[in-house]
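Source file: model-v4.csv. Holds: CSV, C-alpha atoms.
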chain,number,residue,atom,x,y,z
A,113,MET,CA,24.4,-18.7,3.3
A,114,LYS,CA,26.0,-15.3,2.4
A,115,TYR,CA,24.5,-12.7,0.4
A,116,PRO,CA,26.4,-10.1,-1.7
A,117,ASN,CA,25.9,-7.4,0.8
A,118,ASN,CA,27.4,-9.7,3.5
A,119,ILE,CA,24.2,-9.8,5.5
A,120,LYS,CA,24.0,-13.3,6.9
A,121,LYS,CA,20.5,-14.6,6.7
A,122,ILE,CA,19.9,-17.3,9.3
A,123,LYS,CA,17.5,-20.0,8.3
A,124,ASN,CA,14.8,-20.3,10.8
A,125,GLY,CA,12.4,-23.1,9.9
A,126,LYS,CA,10.8,-22.3,6.5
A,127,LYS,CA,11.6,-18.6,6.5
A,128,ASN,CA,14.7,-16.5,6.7
A,129,SER,CA,14.7,-14.9,10.1
A,130,ILE,CA,15.3,-11.5,8.6
A,131,PHE,CA,11.8,-11.8,7.1
A,132,SER,CA,10.2,-13.4,10.1
A,133,PHE,CA,8.8,-10.3,11.7
A,134,LYS,CA,5.1,-10.6,11.3
A,135,ASN,CA,4.2,-7.1,10.2
A,136,LYS,CA,0.5,-7.4,9.4
A,137,GLY,CA,0.9,-11.1,9.8
A,138,ASP,CA,1.8,-11.9,6.3
A,139,THR,CA,4.7,-13.8,4.9
A,140,LEU,CA,2.4,-15.1,2.3
A,141,GLU,CA,1.9,-11.5,1.3
A,142,TYR,CA,5.6,-11.1,1.1
A,143,ASP,CA,6.1,-14.1,-1.1
A,144,LEU,CA,3.2,-13.0,-3.4
A,145,ASN,CA,4.7,-9.5,-3.7
A,146,LEU,CA,8.0,-11.1,-4.7
A,147,ALA,CA,6.3,-13.3,-7.2
A,148,ASN,CA,4.3,-10.3,-8.7
A,149,HIS,CA,7.5,-8.3,-8.9
A,150,TYR,CA,9.2,-11.3,-10.8
A,151,TYR,CA,6.2,-11.6,-13.2
A,152,ASN,CA,6.3,-7.9,-13.9
A,153,GLN,CA,10.1,-7.8,-14.5
A,154,HIS,CA,9.9,-10.8,-16.8
A,155,ALA,CA,6.8,-9.5,-18.7
A,156,ILE,CA,4.8,-12.6,-17.6
A,157,ALA,CA,2.0,-10.7,-16.0
A,158,ASN,CA,1.1,-7.4,-14.4
A,159,ILE,CA,-0.5,-8.1,-11.1
A,160,HIS,CA,-0.4,-5.9,-8.0
A,161,LYS,CA,-1.5,-5.8,-4.4
A,162,LYS,CA,-4.0,-3.0,-3.8
A,163,PRO,CA,-3.1,-0.6,-1.0
A,164,THR,CA,-4.9,-1.0,2.3
A,165,PRO,CA,-7.7,1.5,2.3
A,166,ILE,CA,-7.2,4.1,5.0
A,167,LYS,CA,-9.6,6.9,6.0
A,168,VAL,CA,-7.5,10.1,6.6
A,169,VAL,CA,-9.0,12.4,9.2
A,170,GLU,CA,-6.3,14.8,10.1
A,171,ILE,CA,-3.2,16.1,8.2
A,172,ASP,CA,-0.4,18.3,9.4
A,173,LYS,CA,-0.2,20.3,6.2
A,174,ASN,CA,3.1,21.9,6.9
A,175,ASN,CA,4.9,18.6,7.2
A,176,LYS,CA,2.5,16.6,5.0
A,177,ILE,CA,2.1,14.1,7.8
A,178,ILE,CA,-1.1,12.3,8.4
A,179,THR,CA,-1.8,12.6,12.2
A,180,LYS,CA,-5.1,10.8,12.4
A,181,ALA,CA,-6.5,8.0,10.3
A,182,PHE,CA,-8.3,4.7,10.4
A,183,PHE,CA,-8.0,1.4,8.6
A,184,GLN,CA,-11.0,0.7,6.5
A,185,THR,CA,-12.5,-2.6,5.3
A,186,PRO,CA,-11.4,-3.3,1.7
A,187,SER,CA,-14.3,-3.2,-0.7
A,188,THR,CA,-12.7,-5.7,-3.0
A,189,THR,CA,-9.9,-8.3,-2.9
A,190,ASP,CA,-6.2,-7.6,-2.3
A,191,TYR,CA,-4.8,-8.6,-5.7
A,192,ASN,CA,-5.7,-8.0,-9.3
A,193,GLY,CA,-4.1,-7.6,-12.7
A,194,ILE,CA,-3.7,-9.1,-16.1
A,195,TYR,CA,-2.2,-12.5,-17.2
A,196,LYS,CA,-2.3,-13.9,-20.7
A,197,SER,CA,-4.7,-11.2,-21.7
A,198,LYS,CA,-7.1,-12.2,-19.0
A,199,TYR,CA,-8.3,-10.3,-16.0
A,200,ILE,CA,-7.2,-12.0,-12.8
A,201,ASP,CA,-8.4,-11.3,-9.2
A,202,PHE,CA,-7.8,-13.1,-5.9
A,203,GLU,CA,-7.7,-12.9,-2.2
A,204,ALA,CA,-4.8,-14.6,-0.2
A,205,LYS,CA,-5.0,-15.8,3.4
A,206,GLU,CA,-2.8,-17.7,5.8
A,207,THR,CA,-4.2,-20.0,8.5
A,208,MET,CA,-2.3,-21.3,11.5
A,209,SER,CA,-4.7,-24.2,11.8
A,210,ASN,CA,-3.6,-27.7,10.7
A,211,THR,CA,-7.0,-29.0,10.0
A,212,SER,CA,-9.3,-26.4,8.5
A,213,PHE,CA,-9.7,-22.8,7.1
A,214,ALA,CA,-12.3,-20.7,8.9
A,215,LEU,CA,-14.8,-19.1,6.6
A,216,LYS,CA,-14.9,-15.9,8.6
A,217,ASN,CA,-11.4,-15.1,7.2
A,218,ILE,CA,-13.0,-14.1,3.9
A,219,HIS,CA,-15.5,-11.2,4.0
A,220,ASN,CA,-18.8,-11.9,2.3
A,221,HIS,CA,-18.4,-8.8,0.0
A,222,GLN,CA,-15.1,-10.2,-1.2
A,223,ILE,CA,-16.8,-13.5,-2.1
A,224,LYS,CA,-19.5,-11.6,-3.9
A,225,HIS,CA,-16.8,-9.6,-5.7
A,226,LEU,CA,-15.0,-12.7,-6.8
A,227,VAL,CA,-18.2,-14.4,-8.1
A,228,ASN,CA,-18.9,-11.1,-9.9
A,229,ILE,CA,-15.5,-11.2,-11.6
A,230,LYS,CA,-16.1,-14.8,-12.7
A,231,ASP,CA,-19.4,-13.8,-14.2
A,232,HIS,CA,-17.7,-11.0,-16.1
A,233,GLY,CA,-15.4,-13.6,-17.7
A,234,GLY,CA,-12.4,-13.1,-15.3
A,235,ILE,CA,-10.3,-15.5,-13.4
A,236,ALA,CA,-11.2,-15.5,-9.7
A,237,PHE,CA,-9.8,-17.6,-6.9
A,238,LEU,CA,-8.5,-17.8,-3.3
A,239,ILE,CA,-4.9,-18.6,-2.3
A,240,ILE,CA,-5.0,-20.3,1.1
A,241,GLN,CA,-1.8,-21.1,3.0
A,242,PHE,CA,-1.7,-23.6,5.8
A,243,VAL,CA,1.4,-22.1,7.4
A,244,ASN,CA,2.3,-25.0,9.8
A,245,LEU,CA,1.8,-27.6,7.1
A,246,ASP,CA,3.8,-25.5,4.6
A,247,LYS,CA,1.1,-26.0,2.0
A,248,THR,CA,-0.5,-23.5,-0.3
A,249,PHE,CA,-3.7,-24.1,-2.3
A,250,LEU,CA,-5.4,-22.4,-5.1
A,251,LEU,CA,-9.2,-22.7,-4.7
A,252,LYS,CA,-11.4,-21.6,-7.6
A,253,ILE,CA,-14.2,-19.3,-6.4
A,254,GLU,CA,-16.8,-21.7,-7.9
A,255,ASP,CA,-15.4,-24.5,-5.8
A,256,PHE,CA,-15.5,-22.3,-2.7
A,257,ILE,CA,-19.2,-21.5,-3.4
A,258,GLU,CA,-20.0,-25.1,-4.0
A,259,PHE,CA,-18.6,-25.9,-0.5
A,260,LYS,CA,-20.5,-23.1,1.1
A,261,ASN,CA,-23.8,-24.1,-0.6
A,262,ASN,CA,-23.5,-27.7,0.5
A,263,ASN,CA,-22.1,-27.4,4.0
A,264,LYS,CA,-23.2,-25.8,7.2
A,265,ARG,CA,-19.7,-25.8,8.7
A,266,LYS,CA,-18.0,-22.6,9.6
A,267,SER,CA,-14.7,-23.8,8.2
A,268,ILE,CA,-13.4,-25.7,5.2
A,269,PRO,CA,-11.6,-28.9,6.3
A,270,LEU,CA,-8.1,-29.6,4.8
A,271,SER,CA,-9.6,-32.7,3.1
A,272,PHE,CA,-11.7,-30.5,1.0
A,273,PHE,CA,-8.6,-28.6,-0.1
A,274,ASN,CA,-6.9,-31.8,-0.9
A,275,SER,CA,-9.7,-33.0,-3.1
A,276,ASN,CA,-11.1,-29.8,-4.6
A,277,SER,CA,-8.3,-27.3,-4.9
A,278,TYR,CA,-4.9,-27.2,-6.5
A,279,ILE,CA,-1.5,-27.3,-4.8
A,280,ILE,CA,0.8,-24.4,-5.5
A,281,GLU,CA,4.2,-26.0,-5.7
A,282,TYR,CA,7.2,-24.2,-4.3
A,283,ASN,CA,9.9,-23.0,-6.6
A,284,PHE,CA,13.3,-21.5,-6.3
A,285,HIS,CA,12.3,-18.1,-7.7
A,286,PRO,CA,9.6,-17.1,-7.4
A,287,ARG,CA,9.1,-19.2,-4.3
A,288,ILE,CA,5.3,-19.1,-4.7
A,289,ASP,CA,4.9,-19.4,-8.5
A,290,TYR,CA,1.1,-19.3,-8.4
A,291,LEU,CA,0.8,-18.3,-12.0
A,292,LYS,CA,2.2,-21.7,-13.0
A,293,THR,CA,-0.8,-23.2,-11.2
A,294,VAL,CA,-3.2,-20.7,-12.7
A,295,SER,CA,-1.9,-21.6,-16.1
A,296,LYS,CA,-2.5,-25.3,-15.5
A,297,VAL,CA,-6.0,-24.7,-14.0
A,298,TYR,CA,-7.4,-22.0,-16.3
A,299,PHE,CA,-5.5,-22.4,-19.5
A,300,GLU,CA,-4.9,-26.2,-19.7
A,301,GLY,CA,-8.0,-26.9,-17.7
A,302,SER,CA,-9.1,-30.5,-18.1
A,303,LYS,CA,-5.6,-32.0,-18.1
A,304,TYR,CA,-5.0,-30.7,-14.7
A,305,GLU,CA,-8.5,-31.5,-13.5
A,306,LYS,CA,-7.5,-35.2,-13.3
A,307,LYS,CA,-4.8,-34.5,-10.9
A,308,LYS,CA,-7.2,-33.2,-8.3
A,309,GLY,CA,-7.2,-35.1,-5.1
A,310,LYS,CA,-3.7,-36.5,-5.6
A,311,GLU,CA,-2.7,-35.2,-2.2
A,312,GLU,CA,-2.9,-37.4,0.8
A,313,LYS,CA,-6.0,-36.9,3.0
B,615,MET,CA,-34.9,21.5,-8.9
B,616,LYS,CA,-36.2,19.6,-6.0
B,617,TYR,CA,-35.1,16.1,-5.0
B,618,PRO,CA,-37.3,13.5,-3.3
B,619,ASN,CA,-35.6,14.2,0.1
B,620,ASN,CA,-36.5,17.9,-0.4
B,621,ILE,CA,-32.9,18.9,-0.4
B,622,LYS,CA,-32.7,21.8,-2.8
B,623,LYS,CA,-29.6,21.5,-4.9
B,624,ILE,CA,-28.6,24.9,-6.3
B,625,LYS,CA,-27.0,24.8,-9.8
B,626,ASN,CA,-23.7,26.5,-9.7
B,627,GLY,CA,-22.1,26.4,-13.1
B,628,LYS,CA,-21.6,22.9,-14.2
B,629,LYS,CA,-21.8,21.3,-10.8
B,630,ASN,CA,-24.4,21.1,-8.1
B,631,SER,CA,-23.0,23.3,-5.3
B,632,ILE,CA,-23.5,20.4,-2.8
B,633,PHE,CA,-20.8,18.6,-4.7
B,634,SER,CA,-18.6,21.5,-5.3
B,635,PHE,CA,-16.3,21.1,-2.3
B,636,LYS,CA,-13.0,20.2,-3.7
B,637,ASN,CA,-12.0,17.4,-1.4
B,638,LYS,CA,-8.7,16.1,-2.9
B,639,GLY,CA,-9.5,18.3,-5.8
B,640,ASP,CA,-11.5,15.8,-7.7
B,641,THR,CA,-15.0,16.1,-9.0
B,642,LEU,CA,-14.0,14.0,-11.9
B,643,GLU,CA,-13.1,11.3,-9.3
B,644,TYR,CA,-16.5,11.7,-7.8
B,645,ASP,CA,-18.2,11.3,-11.2
B,646,LEU,CA,-16.1,8.2,-12.0
B,647,ASN,CA,-16.8,6.6,-8.7
B,648,LEU,CA,-20.6,7.2,-9.3
B,649,ALA,CA,-20.2,5.7,-12.8
B,650,ASN,CA,-18.3,2.6,-11.5
B,651,HIS,CA,-21.0,2.1,-8.8
B,652,TYR,CA,-23.6,2.3,-11.5
B,653,TYR,CA,-21.8,-0.2,-13.7
B,654,ASN,CA,-21.3,-2.6,-10.8
B,655,GLN,CA,-25.0,-2.3,-9.8
B,656,HIS,CA,-26.1,-3.0,-13.3
B,657,ALA,CA,-23.6,-5.8,-13.9
B,658,ILE,CA,-22.1,-3.9,-16.8
B,659,ALA,CA,-18.6,-3.9,-15.4
B,660,ASN,CA,-16.5,-4.3,-12.3
B,661,ILE,CA,-14.1,-1.4,-12.0
B,662,HIS,CA,-12.8,0.2,-8.9
B,663,LYS,CA,-10.6,3.1,-7.8
B,664,LYS,CA,-7.6,1.8,-5.9
B,665,PRO,CA,-7.1,3.2,-2.4
B,666,THR,CA,-4.4,5.9,-2.1
B,667,PRO,CA,-1.2,4.1,-0.8
B,668,ILE,CA,-0.3,5.3,2.7
B,669,LYS,CA,2.8,4.3,4.7
B,670,VAL,CA,1.7,3.8,8.3
B,671,VAL,CA,4.4,4.6,10.8
B,672,GLU,CA,2.7,4.8,14.2
B,673,ILE,CA,-0.5,3.2,15.5
B,674,ASP,CA,-2.3,3.7,18.8
B,675,LYS,CA,-3.1,0.0,19.3
B,676,ASN,CA,-5.7,0.6,22.1
B,677,ASN,CA,-7.9,2.8,20.0
B,678,LYS,CA,-6.8,1.4,16.6
B,679,ILE,CA,-6.0,4.9,15.4
B,680,ILE,CA,-3.2,5.6,13.0
B,681,THR,CA,-1.3,8.5,14.6
B,682,LYS,CA,1.5,8.9,12.1
B,683,ALA,CA,1.5,8.1,8.4
B,684,PHE,CA,2.6,9.5,5.0
B,685,PHE,CA,1.0,9.5,1.5
B,686,GLN,CA,3.0,7.4,-1.0
B,687,THR,CA,3.3,7.7,-4.7
B,688,PRO,CA,1.0,5.2,-6.4
B,689,SER,CA,3.0,2.4,-8.2
B,690,THR,CA,0.2,1.9,-10.7
B,691,THR,CA,-2.8,3.8,-12.0
B,692,ASP,CA,-5.9,4.8,-10.0
B,693,TYR,CA,-8.5,2.6,-11.7
B,694,ASN,CA,-8.7,-0.9,-13.0
B,695,GLY,CA,-11.2,-3.8,-13.4
B,696,ILE,CA,-13.0,-5.9,-16.0
B,697,TYR,CA,-15.4,-5.0,-18.8
B,698,LYS,CA,-16.8,-7.3,-21.4
B,699,SER,CA,-14.3,-9.9,-20.2
B,700,LYS,CA,-11.4,-7.6,-20.9
B,701,TYR,CA,-8.9,-6.1,-18.4
B,702,ILE,CA,-9.3,-2.4,-18.2
B,703,ASP,CA,-6.9,0.1,-16.7
B,704,PHE,CA,-6.7,3.9,-16.7
B,705,GLU,CA,-5.6,7.1,-15.0
B,706,ALA,CA,-7.9,10.1,-14.7
B,707,LYS,CA,-6.8,13.7,-14.4
B,708,GLU,CA,-8.4,17.1,-14.4
B,709,THR,CA,-6.8,20.3,-15.7
B,710,MET,CA,-7.8,23.9,-15.1
B,711,SER,CA,-6.0,25.0,-18.3
B,712,ASN,CA,-8.2,25.9,-21.3
B,713,THR,CA,-5.4,25.3,-23.8
B,714,SER,CA,-3.3,22.3,-22.9
B,715,PHE,CA,-2.7,19.3,-20.5
B,716,ALA,CA,0.7,19.4,-18.7
B,717,LEU,CA,2.6,16.1,-19.1
B,718,LYS,CA,4.0,16.3,-15.6
B,719,ASN,CA,0.5,15.5,-14.4
B,720,ILE,CA,1.0,11.8,-15.3
B,721,HIS,CA,3.9,10.0,-13.6
B,722,ASN,CA,6.4,8.2,-15.9
B,723,HIS,CA,5.9,4.9,-14.1
B,724,GLN,CA,2.1,5.2,-14.7
B,725,ILE,CA,2.8,5.6,-18.4
B,726,LYS,CA,5.1,2.6,-18.3
B,727,HIS,CA,2.4,0.7,-16.4
B,728,LEU,CA,-0.3,1.5,-19.0
B,729,VAL,CA,2.0,0.6,-21.9
B,730,ASN,CA,2.7,-2.7,-20.1
B,731,ILE,CA,-1.0,-3.4,-19.7
B,732,LYS,CA,-1.6,-2.7,-23.5
B,733,ASP,CA,1.3,-5.1,-24.3
B,734,HIS,CA,-0.4,-7.8,-22.1
B,735,GLY,CA,-3.6,-7.5,-24.1
B,736,GLY,CA,-5.5,-5.1,-21.8
B,737,ILE,CA,-7.3,-1.9,-22.5
B,738,ALA,CA,-5.3,1.1,-21.3
B,739,PHE,CA,-6.0,4.8,-21.6
B,740,LEU,CA,-6.2,8.2,-19.9
B,741,ILE,CA,-9.3,10.2,-19.1
B,742,ILE,CA,-8.5,13.9,-19.2
B,743,GLN,CA,-11.0,16.5,-18.2
B,744,PHE,CA,-10.7,20.2,-19.1
B,745,VAL,CA,-12.7,21.5,-16.2
B,746,ASN,CA,-13.4,25.0,-17.5
B,747,LEU,CA,-14.3,23.8,-20.9
B,748,ASP,CA,-16.5,21.1,-19.5
B,749,LYS,CA,-14.9,18.6,-21.9
B,750,THR,CA,-13.7,15.1,-21.0
B,751,PHE,CA,-11.5,13.1,-23.3
B,752,LEU,CA,-10.5,9.4,-23.6
B,753,LEU,CA,-6.9,9.2,-24.9
B,754,LYS,CA,-5.6,5.8,-25.8
B,755,ILE,CA,-2.2,5.1,-24.2
B,756,GLU,CA,-0.7,4.5,-27.7
B,757,ASP,CA,-1.9,7.9,-28.9
B,758,PHE,CA,-0.4,9.5,-25.8
B,759,ILE,CA,3.0,7.7,-26.6
B,760,GLU,CA,2.8,8.8,-30.2
B,761,PHE,CA,2.5,12.4,-29.0
B,762,LYS,CA,5.4,12.1,-26.6
B,763,ASN,CA,7.6,10.5,-29.2
B,764,ASN,CA,7.0,13.2,-31.8
B,765,ASN,CA,6.9,16.3,-29.6
B,766,LYS,CA,9.3,18.1,-27.3
B,767,ARG,CA,6.5,20.1,-25.7
B,768,LYS,CA,5.8,19.7,-22.0
B,769,SER,CA,2.1,19.8,-22.5
B,770,ILE,CA,-0.5,18.3,-24.9
B,771,PRO,CA,-2.4,21.1,-26.7
B,772,LEU,CA,-6.2,20.9,-26.8
B,773,SER,CA,-6.1,20.6,-30.5
B,774,PHE,CA,-4.3,17.2,-30.2
B,775,PHE,CA,-7.1,16.0,-28.0
B,776,ASN,CA,-9.7,17.2,-30.5
B,777,SER,CA,-8.0,15.3,-33.3
B,778,ASN,CA,-6.6,12.2,-31.6
B,779,SER,CA,-8.8,11.4,-28.6
B,780,TYR,CA,-12.4,10.6,-28.1
B,781,ILE,CA,-15.0,12.8,-26.4
B,782,ILE,CA,-16.8,11.3,-23.5
B,783,GLU,CA,-20.3,12.6,-23.9
B,784,TYR,CA,-22.3,13.5,-20.8
B,785,ASN,CA,-25.3,11.5,-19.8
B,786,PHE,CA,-28.0,11.7,-17.3
B,787,HIS,CA,-26.9,8.7,-15.3
B,788,PRO,CA,-24.1,8.0,-15.0
B,789,ARG,CA,-23.0,11.5,-15.9
B,790,ILE,CA,-19.7,10.4,-17.2
B,791,ASP,CA,-20.6,7.3,-19.0
B,792,TYR,CA,-17.0,6.5,-20.1
B,793,LEU,CA,-17.6,2.8,-20.8
B,794,LYS,CA,-19.9,3.9,-23.7
B,795,THR,CA,-16.9,5.6,-25.2
B,796,VAL,CA,-14.7,2.6,-24.4
B,797,SER,CA,-17.2,0.3,-26.1
B,798,LYS,CA,-17.1,2.4,-29.2
B,799,VAL,CA,-13.3,2.8,-29.3
B,800,TYR,CA,-12.2,-0.7,-28.3
B,801,PHE,CA,-15.1,-2.9,-29.3
B,802,GLU,CA,-16.5,-1.2,-32.4
B,803,GLY,CA,-13.1,0.2,-33.3
B,804,SER,CA,-13.0,1.3,-36.9
B,805,LYS,CA,-16.5,2.7,-37.0
B,806,TYR,CA,-15.7,5.2,-34.3
B,807,GLU,CA,-12.3,5.9,-35.7
B,808,LYS,CA,-13.8,7.9,-38.5
B,809,LYS,CA,-15.4,10.3,-36.0
B,810,LYS,CA,-12.0,11.4,-34.7
B,811,GLY,CA,-11.3,15.0,-35.1
B,812,LYS,CA,-15.0,16.0,-35.4
B,813,GLU,CA,-14.6,18.5,-32.6
B,814,GLU,CA,-13.7,22.1,-33.3
B,815,LYS,CA,-10.0,23.0,-33.0

As structure tokens, how would this structure be written, given the file I've shared?
Amino acid sequence: MKYPNNIKKIKNGKKNSIFSFKNKGDTLEYDLNLANHYYNQHAIANIHKKPTPIKVVEIDKNNKIITKAFFQTPSTTDYNGIYKSKYIDFEAKETMSNTSFALKNIHNHQIKHLVNIKDHGGIAFLIIQFVNLDKTFLLKIEDFIEFKNNNKRKSIPLSFFNSNSYIIEYNFHPRIDYLKTVSKVYFEGSKYEKKKGKEEK
Amino acid sequence: MKYPNNIKKIKNGKKNSIFSFKNKGDTLEYDLNLANHYYNQHAIANIHKKPTPIKVVEIDKNNKIITKAFFQTPSTTDYNGIYKSKYIDFEAKETMSNTSFALKNIHNHQIKHLVNIKDHGGIAFLIIQFVNLDKTFLLKIEDFIEFKNNNKRKSIPLSFFNSNSYIIEYNFHPRIDYLKTVSKVYFEGSKYEKKKGKEEK
């Protein structure tokens, strides 16, 4: 496939190879940023990824260069914004596992934050991508909590996602059209509810 | 005044001297962070300051130290979150002027962002503090736009704030209880509307 600027992008499995460098490990992040850009441009929603918190220790003031700094643990989730007048907040994670999602991938204070958002009347969920299966799920924070309260496992099996979360179907543009799923789940609730568990175990 | 931990905090004008170091120039930021912490602790709201965006160029991987990075221009505003089920978004600025607030202090894309939030059904405003006058105002984004559209001035005079914005009154704790003002302006609208312009010109 040729692009207007004549850069040939070679297909390499599910991703274009030009995008396949794993800077910070996130192609899901890349897709979500594209989706958010699309939503913003089309006045569908205003959702942004928060910058990674960094503690700056030393600055070269003459050249305005930061010469010493550290990554910090985020106090909230990565994404928030507004959609259909509602506050929306979520965390997104990839897993390379084909069978389960390890709970340690989500910080406890992020879970607490999402529950808090729900209690304030906002929309709060997780987006979990099983990279090798090429499947992306939306898991409501309340369903995540239900799993945690009823299981002693350190990971959520794929079968739980198949039965208790919502598939985010791929689109042409944006590729990960997660707000379509959000709309079905949170704005047309019960109708979609019946579709849960339609995926194979 | 003595505090429980026996640290004597000497009053120095409006601020305790212990807080008077101007790290990043923001005591308003400090007060807003305290307020947001208070709101979070008391389940009143969930509002956070976004981290400053930083472009990381070099990392010492062994020690996990960032050795070269640059500050970036924020693409949105500094603060957002949820209050009474509503999405809330604002930018906060101090001015050392006693007479006006320079428009250049707010980036155009931040204005555009706030208008966009309003159009999506969110609550969007500016918090402007006249440091030397010890006065803090909440200015709705629509009132800011009205000023911009009807004036060729490069700054908003204090008189405009006195007539078209809302005073954030100081409290014991949190000191800058801005959500009290938000509640009056956005949730008890017309009642408060009549109080506009009560401040001296």

Cut-off 8 Å: closest chain B/chain A atom pairs per residue, using only C-alpha atoms, as a Markdown table:
| residue | atom | partner | partner_atom | distance |
| --- | --- | --- | --- | --- |
| B:Ala659 | CA | A:His232 | CA | 7.2 |
| B:Asn660 | CA | A:Ile229 | CA | 7.0 |
| B:Lys664 | CA | A:Lys162 | CA | 6.4 |
| B:Pro665 | CA | A:Pro165 | CA | 5.0 |
| B:Thr666 | CA | A:Pro163 | CA | 6.7 |
| B:Pro667 | CA | A:Pro163 | CA | 5.1 |
| B:Ile668 | CA | A:Ile166 | CA | 7.4 |
| B:Lys678 | CA | A:Phe182 | CA | 7.2 |
| B:Ile679 | CA | A:Phe182 | CA | 5.5 |
| B:Ile680 | CA | A:Ala181 | CA | 4.9 |
| B:Thr681 | CA | A:Thr179 | CA | 4.8 |
| B:Lys682 | CA | A:Thr179 | CA | 5.0 |
| B:Ala683 | CA | A:Ile178 | CA | 4.9 |
| B:Phe684 | CA | A:Ile177 | CA | 5.4 |
| B:Phe685 | CA | A:Ile178 | CA | 7.7 |
| B:Gly695 | CA | A:Tyr199 | CA | 7.6 |
| B:Ile696 | CA | A:Tyr199 | CA | 6.4 |
| B:Tyr697 | CA | A:His232 | CA | 7.0 |
| B:Lys698 | CA | A:His232 | CA | 6.5 |
| B:Ser699 | CA | A:Gly233 | CA | 4.6 |
| B:Lys700 | CA | A:Tyr199 | CA | 6.4 |
| B:Tyr701 | CA | A:Tyr199 | CA | 4.9 |
| B:Asn730 | CA | A:Asn158 | CA | 7.6 |
| B:Ile731 | CA | A:Asn158 | CA | 7.0 |
| B:His734 | CA | A:Ser197 | CA | 5.5 |
| B:Gly735 | CA | A:Ser197 | CA | 4.5 |
| B:Gly736 | CA | A:Ser197 | CA | 6.2 |

Would you save the residues from that selection as a PDB file, in the coordinates of the input, using C-alpha atoms?
ATOM      1  CA  ALA B 659     -18.600  -3.900 -15.400  1.00  0.00           C
ATOM      2  CA  ASN B 660     -16.500  -4.300 -12.300  1.00  0.00           C
ATOM      3  CA  LYS B 664      -7.600   1.800  -5.900  1.00  0.00           C
ATOM      4  CA  PRO B 665      -7.100   3.200  -2.400  1.00  0.00           C
ATOM      5  CA  THR B 666      -4.400   5.900  -2.100  1.00  0.00           C
ATOM      6  CA  PRO B 667      -1.200   4.100  -0.800  1.00  0.00           C
ATOM      7  CA  ILE B 668      -0.300   5.300   2.700  1.00  0.00           C
ATOM      8  CA  LYS B 678      -6.800   1.400  16.600  1.00  0.00           C
ATOM      9  CA  ILE B 679      -6.000   4.900  15.400  1.00  0.00           C
ATOM     10  CA  ILE B 680      -3.200   5.600  13.000  1.00  0.00           C
ATOM     11  CA  THR B 681      -1.300   8.500  14.600  1.00  0.00           C
ATOM     12  CA  LYS B 682       1.500   8.900  12.100  1.00  0.00           C
ATOM     13  CA  ALA B 683       1.500   8.100   8.400  1.00  0.00           C
ATOM     14  CA  PHE B 684       2.600   9.500   5.000  1.00  0.00           C
ATOM     15  CA  PHE B 685       1.000   9.500   1.500  1.00  0.00           C
ATOM     16  CA  GLY B 695     -11.200  -3.800 -13.400  1.00  0.00           C
ATOM     17  CA  ILE B 696     -13.000  -5.900 -16.000  1.00  0.00           C
ATOM     18  CA  TYR B 697     -15.400  -5.000 -18.800  1.00  0.00           C
ATOM     19  CA  LYS B 698     -16.800  -7.300 -21.400  1.00  0.00           C
ATOM     20  CA  SER B 699     -14.300  -9.900 -20.200  1.00  0.00           C
ATOM     21  CA  LYS B 700     -11.400  -7.600 -20.900  1.00  0.00           C
ATOM     22  CA  TYR B 701      -8.900  -6.100 -18.400  1.00  0.00           C
ATOM     23  CA  ASN B 730       2.700  -2.700 -20.100  1.00  0.00           C
ATOM     24  CA  ILE B 731      -1.000  -3.400 -19.700  1.00  0.00           C
ATOM     25  CA  HIS B 734      -0.400  -7.800 -22.100  1.00  0.00           C
ATOM     26  CA  GLY B 735      -3.600  -7.500 -24.100  1.00  0.00           C
ATOM     27  CA  GLY B 736      -5.500  -5.100 -21.800  1.00  0.00           C
TER      28      GLY B 736
END

#### Entry: Contacts of Lys292 in chain A within 10 Å, all atoms listed in the file, excl. fewer than 5 positions in-chain, as a list in words
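Near Lys292 in chain A, the qualifying residues are Ile280, Glu281 and Val297 of chain A.
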
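Between Thr248 in chain A and the candidates A:Ala236, A:Met208, A:Ile279, A:Leu215, the tightest atom-to-atom separation, counting all atoms listed in the file, involves A:Ile279.
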
### Task
Go ahead and compute the interatomic distance for CA of Val796 in chain B and CA of Gln655 in chain B, in Å to one decimal.
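So the answer is 18.5 Å.
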
### Task
Would you kindly return, as a ChimeraX atom specification, each protein, DNA or RNA residue with an atom no farther than 10 Å from any atom of range 259-266 of chain A, considering only C-alpha atoms and excluding same-chain residues fewer than 5 positions away?
/A:212-216,253-254,272,276

### Task
Report the distance between CA of Gln743 in chain B and CA of Tyr800 in chain B in Å, rounded to one decimal place.
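Those two atoms sit 20.0 Å apart.
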
### Task
To one decimal in Å, tell me the separation between CA of Asn244 in chain A and CA of His221 in chain A.
28.1 Å
